[in-house]
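Q: Before I ask anything, here is the structure I am working with.
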Amino acid sequence: STTPQMYQEYIQPELKNWANLLHHKGKLLIHHASNPIEKLLSKIAHSGIDALECISFRPYDGMTIEQMRRALPDSITFIGGLDATSINE
């Protein structure tokens, strides 16, 4: 799996470059991140992305929706991975 150091060194700079390019053109950047991503959230939060796709919450991963929302800025939208039973909690 990707370590926070690897993410910061290799992935985050590329995402920032793509985000700048796309935002300049009036477009959004959706980032696919396979689980587990809990240790990467502080890096993802500052990567310039607009949406995070393919996330999952408890019971499939270690975080709740609320924990994930608190870890990421409101400007990042979640796409997919939402278990209907967890939304009702």
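Going by the structure tokens order, chains are called A, B, ..., each with residues numbered from 1, while ligands are numbered from 1 in the order shown.
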For Lys43 (chain A), find every residue with an atom within 9 Å (counting only C-alpha atoms), except residues of its own chain fewer than 4 positions away, and show them as JSON, numbers by chain.
A: {"A": [4, 7, 8, 12, 39, 47]}
Q: Now that the selection is made, can you save its residues with all heavy atoms as a short mmCIF file (atom, residue, chain, number, x, y, z; two decimals), in the first residue's frame?
A:
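As a result, out.cif now contains:
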```
data_model
loop_
_atom_site.label_atom_id
_atom_site.label_comp_id
_atom_site.auth_asym_id
_atom_site.auth_seq_id
_atom_site.Cartn_x
_atom_site.Cartn_y
_atom_site.Cartn_z
N PRO A 4 2.30 7.42 3.54
CA PRO A 4 2.16 8.87 3.46
C PRO A 4 3.37 9.54 2.80
O PRO A 4 3.22 10.51 2.05
CB PRO A 4 2.03 9.29 4.93
CG PRO A 4 1.41 8.10 5.59
CD PRO A 4 2.02 6.92 4.89
N TYR A 7 3.09 9.00 -0.95
CA TYR A 7 2.02 9.84 -1.48
C TYR A 7 2.50 11.28 -1.62
O TYR A 7 2.29 11.91 -2.65
CB TYR A 7 0.80 9.77 -0.54
CG TYR A 7 -0.43 10.40 -1.14
CD1 TYR A 7 -1.37 9.64 -1.82
CD2 TYR A 7 -0.66 11.77 -1.04
CE1 TYR A 7 -2.49 10.20 -2.38
CE2 TYR A 7 -1.78 12.36 -1.59
CZ TYR A 7 -2.69 11.58 -2.26
OH TYR A 7 -3.79 12.16 -2.83
N GLN A 8 3.16 11.78 -0.57
CA GLN A 8 3.63 13.16 -0.59
C GLN A 8 4.70 13.38 -1.66
O GLN A 8 4.72 14.42 -2.32
CB GLN A 8 4.18 13.55 0.78
CG GLN A 8 4.59 15.01 0.86
CD GLN A 8 4.95 15.42 2.28
OE1 GLN A 8 4.80 14.67 3.23
NE2 GLN A 8 5.43 16.64 2.42
N GLN A 12 1.04 13.38 -4.60
CA GLN A 12 0.53 14.71 -4.30
C GLN A 12 1.02 15.80 -5.27
O GLN A 12 0.20 16.60 -5.73
CB GLN A 12 0.87 15.09 -2.85
CG GLN A 12 0.16 16.33 -2.36
CD GLN A 12 0.47 16.59 -0.89
OE1 GLN A 12 1.58 16.29 -0.42
NE2 GLN A 12 -0.48 17.14 -0.18
N LYS A 39 -4.41 6.84 6.68
CA LYS A 39 -3.11 7.47 6.95
C LYS A 39 -2.73 8.50 5.88
O LYS A 39 -1.77 9.25 6.06
CB LYS A 39 -2.03 6.41 7.05
CG LYS A 39 -2.21 5.51 8.25
CD LYS A 39 -1.14 4.45 8.31
CE LYS A 39 -1.37 3.55 9.52
NZ LYS A 39 -0.45 2.43 9.57
N SER A 47 -4.13 18.22 -1.59
CA SER A 47 -3.67 17.85 -2.93
C SER A 47 -4.38 18.62 -4.05
O SER A 47 -4.04 18.46 -5.21
CB SER A 47 -3.85 16.34 -3.15
OG SER A 47 -5.21 16.00 -3.04
#
```
Q: Applying 12 Å and only C-alpha atoms, which residues near Ala51 (chain A) remain after dropping the ones on its own chain fewer than 5 positions away? List them as a short mmCIF file (atom, residue, chain, number, x, y, z; two decimals) with N, CA and C atoms, in the first residue's frame.
A:
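Everything below was put into result-v7.cif:
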```cif
data_model
loop_
_atom_site.label_atom_id
_atom_site.label_comp_id
_atom_site.auth_asym_id
_atom_site.auth_seq_id
_atom_site.Cartn_x
_atom_site.Cartn_y
_atom_site.Cartn_z
N LEU A 15 -0.99 15.41 -8.48
CA LEU A 15 -2.37 15.86 -8.29
C LEU A 15 -2.47 17.38 -8.25
N ALA A 19 -4.59 19.48 -10.76
CA ALA A 19 -5.63 20.35 -10.20
C ALA A 19 -5.47 21.78 -10.71
N LYS A 27 -12.43 23.20 -14.85
CA LYS A 27 -12.79 21.78 -14.66
C LYS A 27 -12.49 21.35 -13.22
N LEU A 28 -13.01 20.19 -12.86
CA LEU A 28 -12.79 19.62 -11.53
C LEU A 28 -11.91 18.38 -11.63
N LEU A 29 -11.24 18.07 -10.53
CA LEU A 29 -10.37 16.89 -10.47
C LEU A 29 -10.95 15.88 -9.47
N ILE A 30 -11.24 14.68 -9.97
CA ILE A 30 -11.70 13.58 -9.13
C ILE A 30 -10.53 12.62 -8.94
N HIS A 31 -10.27 12.28 -7.70
CA HIS A 31 -9.15 11.40 -7.35
C HIS A 31 -9.69 10.05 -6.89
N HIS A 32 -9.21 8.97 -7.50
CA HIS A 32 -9.54 7.61 -7.07
C HIS A 32 -8.49 7.17 -6.06
N ALA A 33 -8.93 6.74 -4.90
CA ALA A 33 -8.00 6.25 -3.89
C ALA A 33 -8.56 4.98 -3.29
N ILE A 44 -4.07 13.94 1.23
CA ILE A 44 -5.15 14.10 0.28
C ILE A 44 -5.83 15.45 0.46
N ALA A 45 -5.98 15.87 1.71
CA ALA A 45 -6.65 17.13 2.03
C ALA A 45 -5.98 18.33 1.37
N LEU A 72 -11.19 15.79 6.09
CA LEU A 72 -11.04 16.43 4.77
C LEU A 72 -11.81 17.73 4.73
N PRO A 73 -11.34 18.69 3.94
CA PRO A 73 -12.06 19.96 3.85
C PRO A 73 -13.42 19.77 3.18
N ASP A 74 -14.34 20.67 3.49
CA ASP A 74 -15.68 20.61 2.90
C ASP A 74 -15.66 20.72 1.39
N SER A 75 -14.60 21.23 0.83
CA SER A 75 -14.50 21.40 -0.62
C SER A 75 -14.32 20.08 -1.36
N ILE A 76 -14.02 19.00 -0.64
CA ILE A 76 -13.84 17.68 -1.26
C ILE A 76 -15.13 16.88 -1.10
N THR A 77 -15.68 16.45 -2.23
CA THR A 77 -16.91 15.66 -2.27
C THR A 77 -16.57 14.19 -2.30
N PHE A 78 -17.37 13.37 -1.60
CA PHE A 78 -17.22 11.91 -1.65
C PHE A 78 -18.05 11.37 -2.80
N ILE A 79 -17.47 10.43 -3.55
CA ILE A 79 -18.19 9.77 -4.63
C ILE A 79 -18.06 8.27 -4.42
N GLY A 80 -19.19 7.57 -4.34
CA GLY A 80 -19.19 6.13 -4.21
C GLY A 80 -18.77 5.65 -2.84
#
```
Q: Could you work out how far CA of Asn20 (chain A) lies from CA of Ser42 (chain A), giving the answer in Å with one decimal?
A: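 Between these atoms lies a distance of 19.0 Å.
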Q: Can you list, as a list in words, every protein, DNA or RNA residue that comes within 9 Å of Trp18 (chain A) when you count only C-alpha atoms, leaving out same-chain residues fewer than 4 positions away?
A: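 Result of the neighbour search: Pro13, Glu14, Leu22, His23, Leu29, Gly48 and Ile49 of chain A.
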Q: Dump C-alpha atoms for the selected residues as a short mmCIF file (atom, residue, chain, number, x, y, z; two decimals), in the first residue's frame?
A:
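Wrote again31.cif, looks like this:
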```cif
data_model
loop_
_atom_site.label_atom_id
_atom_site.label_comp_id
_atom_site.auth_asym_id
_atom_site.auth_seq_id
_atom_site.Cartn_x
_atom_site.Cartn_y
_atom_site.Cartn_z
CA PRO A 13 2.72 16.85 -6.60
CA GLU A 14 1.11 15.29 -9.68
CA LEU A 22 -7.90 21.68 -14.67
CA HIS A 23 -9.06 24.46 -12.35
CA LEU A 29 -10.37 16.89 -10.47
CA GLY A 48 -6.06 20.23 -4.70
CA ILE A 49 -8.66 17.60 -5.61
#
```
Q: From a backbone DSSP assignment, name each residue in region 19-80 of chain A labelled alpha helix (DSSP H), as a PDB file with N, CA and C atoms, in the first residue's frame.
A:
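Result went into part-v2.pdb, see below:
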```pdb
ATOM      1  N   ALA A  19      -4.591  19.483 -10.759  1.00  0.00           N
ATOM      2  CA  ALA A  19      -5.635  20.348 -10.202  1.00  0.00           C
ATOM      3  C   ALA A  19      -5.471  21.776 -10.708  1.00  0.00           C
ATOM      4  N   ASN A  20      -4.262  22.289 -10.691  1.00  0.00           N
ATOM      5  CA  ASN A  20      -4.019  23.652 -11.179  1.00  0.00           C
ATOM      6  C   ASN A  20      -4.398  23.788 -12.649  1.00  0.00           C
ATOM      7  N   LEU A  21      -3.991  22.835 -13.457  1.00  0.00           N
ATOM      8  CA  LEU A  21      -4.301  22.862 -14.879  1.00  0.00           C
ATOM      9  C   LEU A  21      -5.816  22.806 -15.115  1.00  0.00           C
ATOM     10  N   LEU A  22      -6.465  21.847 -14.475  1.00  0.00           N
ATOM     11  CA  LEU A  22      -7.903  21.676 -14.671  1.00  0.00           C
ATOM     12  C   LEU A  22      -8.709  22.845 -14.114  1.00  0.00           C
ATOM     13  N   HIS A  23      -8.343  23.322 -12.935  1.00  0.00           N
ATOM     14  CA  HIS A  23      -9.059  24.455 -12.350  1.00  0.00           C
ATOM     15  C   HIS A  23      -8.915  25.709 -13.218  1.00  0.00           C
ATOM     16  N   HIS A  24      -7.742  25.880 -13.815  1.00  0.00           N
ATOM     17  CA  HIS A  24      -7.513  27.007 -14.723  1.00  0.00           C
ATOM     18  C   HIS A  24      -8.454  26.942 -15.932  1.00  0.00           C
ATOM     19  N   LEU A  41      -5.004  10.778   4.586  1.00  0.00           N
ATOM     20  CA  LEU A  41      -5.995  11.859   4.525  1.00  0.00           C
ATOM     21  C   LEU A  41      -5.398  13.254   4.664  1.00  0.00           C
ATOM     22  N   SER A  42      -4.406  13.423   5.506  1.00  0.00           N
ATOM     23  CA  SER A  42      -3.809  14.755   5.649  1.00  0.00           C
ATOM     24  C   SER A  42      -3.125  15.192   4.357  1.00  0.00           C
ATOM     25  N   LYS A  43      -2.596  14.246   3.610  1.00  0.00           N
ATOM     26  CA  LYS A  43      -1.971  14.551   2.313  1.00  0.00           C
ATOM     27  C   LYS A  43      -3.041  14.797   1.253  1.00  0.00           C
ATOM     28  N   ILE A  44      -4.067  13.944   1.233  1.00  0.00           N
ATOM     29  CA  ILE A  44      -5.154  14.095   0.276  1.00  0.00           C
ATOM     30  C   ILE A  44      -5.832  15.448   0.463  1.00  0.00           C
ATOM     31  N   ILE A  65     -18.173   7.890   8.306  1.00  0.00           N
ATOM     32  CA  ILE A  65     -18.370   9.034   7.409  1.00  0.00           C
ATOM     33  C   ILE A  65     -18.015  10.330   8.132  1.00  0.00           C
ATOM     34  N   GLU A  66     -18.428  10.449   9.376  1.00  0.00           N
ATOM     35  CA  GLU A  66     -18.159  11.668  10.148  1.00  0.00           C
ATOM     36  C   GLU A  66     -16.662  11.895  10.336  1.00  0.00           C
ATOM     37  N   GLN A  67     -15.919  10.828  10.624  1.00  0.00           N
ATOM     38  CA  GLN A  67     -14.469  10.957  10.787  1.00  0.00           C
ATOM     39  C   GLN A  67     -13.807  11.381   9.477  1.00  0.00           C
ATOM     40  N   MET A  68     -14.250  10.784   8.384  1.00  0.00           N
ATOM     41  CA  MET A  68     -13.699  11.140   7.081  1.00  0.00           C
ATOM     42  C   MET A  68     -14.020  12.595   6.745  1.00  0.00           C
ATOM     43  N   ARG A  69     -15.240  13.018   7.016  1.00  0.00           N
ATOM     44  CA  ARG A  69     -15.647  14.393   6.730  1.00  0.00           C
ATOM     45  C   ARG A  69     -14.827  15.383   7.539  1.00  0.00           C
ATOM     46  N   ARG A  70     -14.557  15.062   8.813  1.00  0.00           N
ATOM     47  CA  ARG A  70     -13.746  15.959   9.654  1.00  0.00           C
ATOM     48  C   ARG A  70     -12.294  16.007   9.188  1.00  0.00           C
ATOM     49  N   ALA A  71     -11.804  14.917   8.607  1.00  0.00           N
ATOM     50  CA  ALA A  71     -10.400  14.842   8.182  1.00  0.00           C
ATOM     51  C   ALA A  71     -10.143  15.567   6.870  1.00  0.00           C
TER      52      ALA A  71
END
```
Q: Please indicate the distance in Å from CA of Cys54 (chain A) to CA of Glu9 (chain A), rounded to one decimal place.
A: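 Taking CA of Cys54 (chain A) and CA of Glu9 (chain A), their separation equals 22.1 Å.
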